[in-house]
file work.txt (compact mmCIF, C-alpha atoms and all ligand atoms)
# COMPACT_ATOMS: atom_id res chain seq x y z
CA MET B 28 10.87 -0.88 11.15
CA PRO B 29 7.80 0.90 12.55
CA THR B 30 7.50 -0.10 16.18
CA GLU B 31 4.71 2.14 17.46
CA THR B 32 1.07 2.03 16.49
CA PRO B 33 0.35 5.47 15.07
CA ALA B 34 -2.23 7.40 17.08
CA PHE B 35 -5.06 7.96 14.64
CA SER B 36 -8.45 6.59 13.74
CA THR B 37 -9.85 6.63 10.21
CA CYS B 38 -13.33 7.15 11.73
CA ASP B 39 -12.10 10.26 13.59
CA LEU B 40 -10.45 11.56 10.42
CA CYS B 41 -13.77 11.17 8.57
CA ASP B 42 -15.74 12.73 11.45
CA ALA B 43 -13.48 15.78 11.17
CA ASP B 44 -14.01 16.15 7.41
CA LYS B 45 -17.38 14.91 6.21
CA ASP B 46 -17.32 16.89 2.95
CA PRO B 47 -15.42 14.84 0.38
CA SER B 48 -15.95 17.53 -2.29
CA ASN B 49 -13.04 19.68 -1.07
CA GLY B 50 -10.59 16.90 -1.97
CA GLU B 51 -8.66 17.16 1.29
CA LEU B 52 -9.76 13.71 2.40
CA ARG B 53 -10.53 10.65 0.30
CA VAL B 54 -11.82 7.30 1.51
CA LEU B 55 -10.97 4.20 -0.47
CA PRO B 56 -13.86 1.80 -1.05
CA PRO B 57 -13.82 -1.35 1.10
CA LEU B 58 -12.15 -3.57 -1.49
CA PHE B 59 -8.89 -4.31 0.26
CA ARG B 60 -8.03 -7.30 2.44
CA ASP B 61 -5.50 -7.17 5.24
CA PHE B 62 -2.51 -9.49 4.76
CA GLY B 63 0.25 -7.88 6.82
CA GLY B 64 1.38 -8.24 10.40
CA LEU B 65 0.31 -4.64 11.10
CA THR B 66 -3.35 -3.70 10.61
CA ARG B 67 -2.74 -0.06 11.53
CA PHE B 68 -0.23 1.94 9.57
CA ALA B 69 0.21 5.43 8.21
CA GLY B 70 2.75 7.51 6.35
CA PRO B 71 3.53 9.64 3.33
CA ILE B 72 2.75 7.99 0.01
CA SER B 73 5.26 6.82 -2.57
CA THR B 74 3.78 5.17 -5.67
CA VAL B 75 4.39 2.53 -8.30
CA GLN B 76 2.25 2.12 -11.39
CA CYS B 77 2.63 -1.22 -13.16
CA LEU B 78 0.74 -4.02 -14.82
CA GLU B 79 1.62 -7.63 -13.97
CA ASP B 80 5.30 -6.69 -13.60
CA ASN B 81 6.68 -5.97 -10.13
CA SER B 82 10.13 -4.64 -11.16
CA ARG B 83 9.44 -1.19 -9.68
CA VAL B 84 7.83 -2.69 -6.55
CA ARG B 85 10.95 -4.73 -5.91
CA GLU B 86 13.20 -1.67 -6.38
CA ALA B 87 11.03 0.37 -4.02
CA VAL B 88 10.92 -2.09 -1.12
CA MET B 89 14.65 -2.78 -1.49
CA SER B 90 15.33 0.93 -0.90
CA PRO B 91 14.87 2.92 2.33
CA GLY B 92 11.16 3.36 3.13
CA GLU B 93 11.65 6.05 5.77
CA GLY B 94 8.21 5.37 7.22
CA ARG B 95 6.41 5.81 3.91
CA VAL B 96 3.52 3.79 2.51
CA LEU B 97 4.11 2.26 -0.92
CA VAL B 98 0.95 2.51 -3.03
CA VAL B 99 1.05 0.09 -5.96
CA ASP B 100 -1.42 0.73 -8.75
CA GLY B 101 -1.48 -2.64 -10.42
CA GLY B 102 -4.53 -1.74 -12.47
CA GLY B 103 -6.64 -4.07 -10.34
CA SER B 104 -5.25 -7.11 -12.18
CA LEU B 105 -5.57 -10.34 -10.21
CA LYS B 106 -3.58 -12.49 -12.65
CA ARG B 107 -0.10 -12.01 -11.17
CA SER B 108 1.22 -11.37 -7.67
CA LEU B 109 2.97 -8.01 -7.24
CA LEU B 110 4.28 -8.71 -3.72
CA GLY B 111 5.15 -11.87 -1.79
CA GLY B 112 6.93 -12.98 1.35
CA ASN B 113 10.41 -11.91 0.25
CA LEU B 114 9.38 -8.44 -0.78
CA ALA B 115 7.26 -8.05 2.35
CA GLN B 116 10.33 -8.91 4.44
CA ALA B 117 12.35 -6.36 2.48
CA ALA B 118 9.67 -3.73 3.09
CA GLU B 119 9.80 -4.45 6.83
CA LYS B 120 13.59 -4.43 6.95
CA ASN B 121 13.88 -1.21 4.97
CA GLY B 122 11.45 0.75 7.10
CA TRP B 123 8.32 0.93 4.98
CA ALA B 124 5.21 1.50 7.10
CA GLY B 125 3.04 -0.41 4.68
CA VAL B 126 2.23 -1.45 1.14
CA LEU B 127 -1.17 -1.02 -0.50
CA VAL B 128 -1.58 -3.07 -3.67
CA PHE B 129 -4.41 -2.45 -6.12
CA GLY B 130 -3.84 -5.95 -7.40
CA ALA B 131 -2.86 -9.35 -6.03
CA VAL B 132 -0.18 -10.66 -3.66
CA ARG B 133 1.03 -14.11 -2.49
CA ASP B 134 2.69 -15.99 0.42
CA ALA B 135 -0.08 -15.18 2.90
CA ALA B 136 1.59 -16.85 5.90
CA GLU B 137 4.94 -15.15 5.28
CA MET B 138 3.34 -11.74 4.81
CA ARG B 139 1.39 -12.10 8.07
CA ALA B 140 4.68 -12.66 9.92
CA CYS B 141 6.07 -9.29 8.75
CA GLN B 142 5.74 -6.20 10.93
CA VAL B 143 4.49 -4.11 8.03
CA GLY B 144 1.04 -3.19 6.78
CA ILE B 145 -0.08 -4.99 3.62
CA ARG B 146 -3.43 -4.44 1.93
CA ALA B 147 -4.35 -5.94 -1.42
CA LEU B 148 -7.38 -7.07 -3.39
CA GLY B 149 -6.60 -10.76 -3.06
CA LEU B 150 -4.16 -13.62 -3.32
CA ILE B 151 -2.78 -15.34 -6.41
CA PRO B 152 0.16 -17.76 -6.32
CA MET B 153 1.46 -16.84 -9.80
CA PRO B 154 4.44 -14.41 -9.77
CA THR B 155 5.10 -11.76 -12.38
CA GLU B 156 7.69 -11.91 -15.11
CA ARG B 157 9.90 -8.91 -14.48
CA ARG B 158 10.43 -6.93 -17.69
CA ASP B 159 11.62 -3.70 -16.09
CA GLN B 160 8.29 -2.03 -16.81
CA GLY B 161 6.43 0.39 -14.57
CA LEU B 162 6.60 3.93 -13.21
CA ARG B 163 7.71 5.36 -9.88
CA ASP B 164 6.16 8.24 -7.96
CA VAL B 165 3.46 9.28 -10.39
CA PRO B 166 -0.10 10.19 -9.31
CA VAL B 167 -2.28 7.07 -9.45
CA GLN B 168 -6.01 6.54 -9.50
CA ILE B 169 -7.25 3.65 -7.42
CA ALA B 170 -10.91 2.68 -7.39
CA GLY B 171 -11.81 6.17 -8.60
CA GLU B 172 -9.70 8.09 -6.07
CA TRP B 173 -6.47 9.95 -6.87
CA LEU B 174 -3.48 9.25 -4.64
CA ARG B 175 -0.39 11.40 -5.07
CA PRO B 176 3.18 11.00 -3.85
CA GLY B 177 3.63 12.96 -0.62
CA GLU B 178 0.00 12.74 0.44
CA TRP B 179 -0.70 10.76 3.60
CA LEU B 180 -2.36 7.36 3.83
CA TYR B 181 -3.97 6.10 7.02
CA ALA B 182 -5.11 2.48 7.36
CA ASP B 183 -6.74 0.82 10.33
CA GLU B 184 -9.41 -1.75 11.17
CA ASP B 185 -12.14 0.47 9.69
CA GLY B 186 -10.65 1.37 6.36
CA ILE B 187 -8.19 3.42 4.37
CA VAL B 188 -8.16 7.22 4.20
CA VAL B 189 -5.92 9.54 2.19
CA LYS B 190 -5.26 13.14 3.17
CA ARG B 191 -3.39 15.87 1.31
CA SER B 192 -1.11 16.40 4.29
CA ALA B 193 -0.42 14.82 7.66
CA ALA B 194 -3.38 14.84 10.08
O1 LIG B 201 9.64 -11.89 -5.87
C1 LIG B 201 8.51 -11.65 -6.25
O2 LIG B 201 8.20 -11.37 -7.42
C2 LIG B 201 7.39 -11.64 -5.28
C3 LIG B 201 7.53 -12.75 -4.36
O3 LIG B 201 7.14 -13.85 -4.62
C4 LIG B 201 8.15 -12.48 -3.06
O4 LIG B 201 8.27 -11.33 -2.70
O5 LIG B 201 8.48 -13.46 -2.37
call {"tool": "encode", "arguments": {"input": "work.txt", "output": "structure tokens"}}
result
Amino acid sequence: MPTETPAFSTCDLCDADKDPSNGELRVLPPLFRDFGGLTRFAGPISTVQCLEDNSRVREAVMSPGEGRVLVVDGGGSLKRSLLGGNLAQAAEKNGWAGVLVFGAVRDAAEMRACQVGIRALGLIPMPTERRDQGLRDVPVQIAGEWLRPGEWLYADEDGIVVKRSAA
């Protein structure tokens, strides 16, 4: 479980690299809401790509997180929840720094009680039907920005920044 607030600021990271054309730093658009118990989190990225099926998300958060951030490309679908209170607890217990969901989540009160970062587009109470579909650790494109396994994600009160390597 991450116990220390990482020492970084997304504003400082952007101040240090104002030229987005070199691809070293990407800033996600301000689409994500904060649902976790930790607003600030950072770590190397591991990814899931899925559509309205959280089989791979469940597998990921049930396995050791080792301080990584799970980036879930749910295609932006808001019809089904890809993460809820149980999986948020698993993510906390297994040492994930955070989970970023390009899609919807549920169990707002339970997620808030978990010492893990959780960002998502919104809430929907309907769960997925798990059909064992989805991919693990592939490059994903979220809101026009590529995020690749092993790159670093930084989230704080001001936003979400991705860097090729640790700052
Ligand atoms: O199990 C699921 O599909 C998601 C969920 O509701 C939870 O994590 O509690």
call {"tool": "residues_around", "arguments": {"input": "work.txt", "residues": "Arg158 of chain B", "least_positions_apart": "3", "cutoff": "9 Å", "atoms": "all atoms listed in the file", "output": "number ranges by chain"}}
result
B: 80-82, 155, 161
call {"tool": "residues_around", "arguments": {"input": "work.txt", "residues": "segment 171-186 of chain B", "least_positions_apart": "6", "cutoff": "9 Å", "atoms": "only C-alpha atoms", "output": "PyMOL selection string"}}
result
chain B and resi 35-38+53-57+59+61+65-74+95-96+98+144+146+164-165+192-194
call {"tool": "atom_distance", "arguments": {"input": "work.txt", "atom1": "atom CA of Glu79 of chain B", "atom2": "atom CA of Trp123 of chain B"}}
result
21.8 Å
call {"tool": "residues_near_ligand", "arguments": {"input": "work.txt", "ligand": "ligand LIG 201 (chain B)", "cutoff": "6 Å", "atoms": "only C-alpha atoms and all ligand atoms", "output": "PyMOL selection string"}}
result
chain B and resi 110-114+154-155
call {"tool": "atom_distance", "arguments": {"input": "work.txt", "atom1": "atom CA of Gly64 of chain B", "atom2": "atom CA of Glu137 of chain B"}}
result
9.3 Å
call {"tool": "closest_residue", "arguments": {"input": "work.txt", "among": "B:Ala124, B:Ile145, B:Ala34, B:Val167", "to": "Phe62 of chain B", "atoms": "only C-alpha atoms"}}
result
B:Ile145
call {"tool": "atom_distance", "arguments": {"input": "work.txt", "atom1": "atom CA of Val143 of chain B", "atom2": "atom CA of Asp44 of chain B"}}
result
27.4 Å
call {"tool": "closest_residue", "arguments": {"input": "work.txt", "among": "B:Pro166, B:Leu78, B:Glu93, B:Arg60", "to": "Leu127 of chain B", "atoms": "only C-alpha atoms"}}
result
B:Arg60
call {"tool": "closest_residue", "arguments": {"input": "work.txt", "among": "B:Gly94, B:Ala140, B:Gln160, B:Ala43", "to": "Gly125 of chain B", "atoms": "only C-alpha atoms"}}
result
B:Gly94
call {"tool": "closest_residue", "arguments": {"input": "work.txt", "among": "B:Cys77, B:Gly63, B:Pro91, B:Ser108", "to": "Arg139 of chain B", "atoms": "only C-alpha atoms"}}
result
B:Gly63
call {"tool": "closest_residue", "arguments": {"input": "work.txt", "among": "B:Asp100, B:Glu86, B:Asp134, B:Glu119", "to": "Arg157 of chain B", "atoms": "all atoms listed in the file"}}
result
B:Glu86
call {"tool": "closest_residue", "arguments": {"input": "work.txt", "among": "B:Lys45, B:Asp39, B:Leu109, B:Arg191", "to": "Val128 of chain B", "atoms": "only C-alpha atoms"}}
result
B:Leu109
call {"tool": "axis_aligned_box", "arguments": {"input": "work.txt", "around": "segment 86-98 of chain B", "padding_each_side": "8 Å", "output": "AutoDock Vina command-line options"}}
result
--center_x 8.1 --center_y 1.6 --center_z 0.4 --size_x 30.4 --size_y 24.8 --size_z 29.6
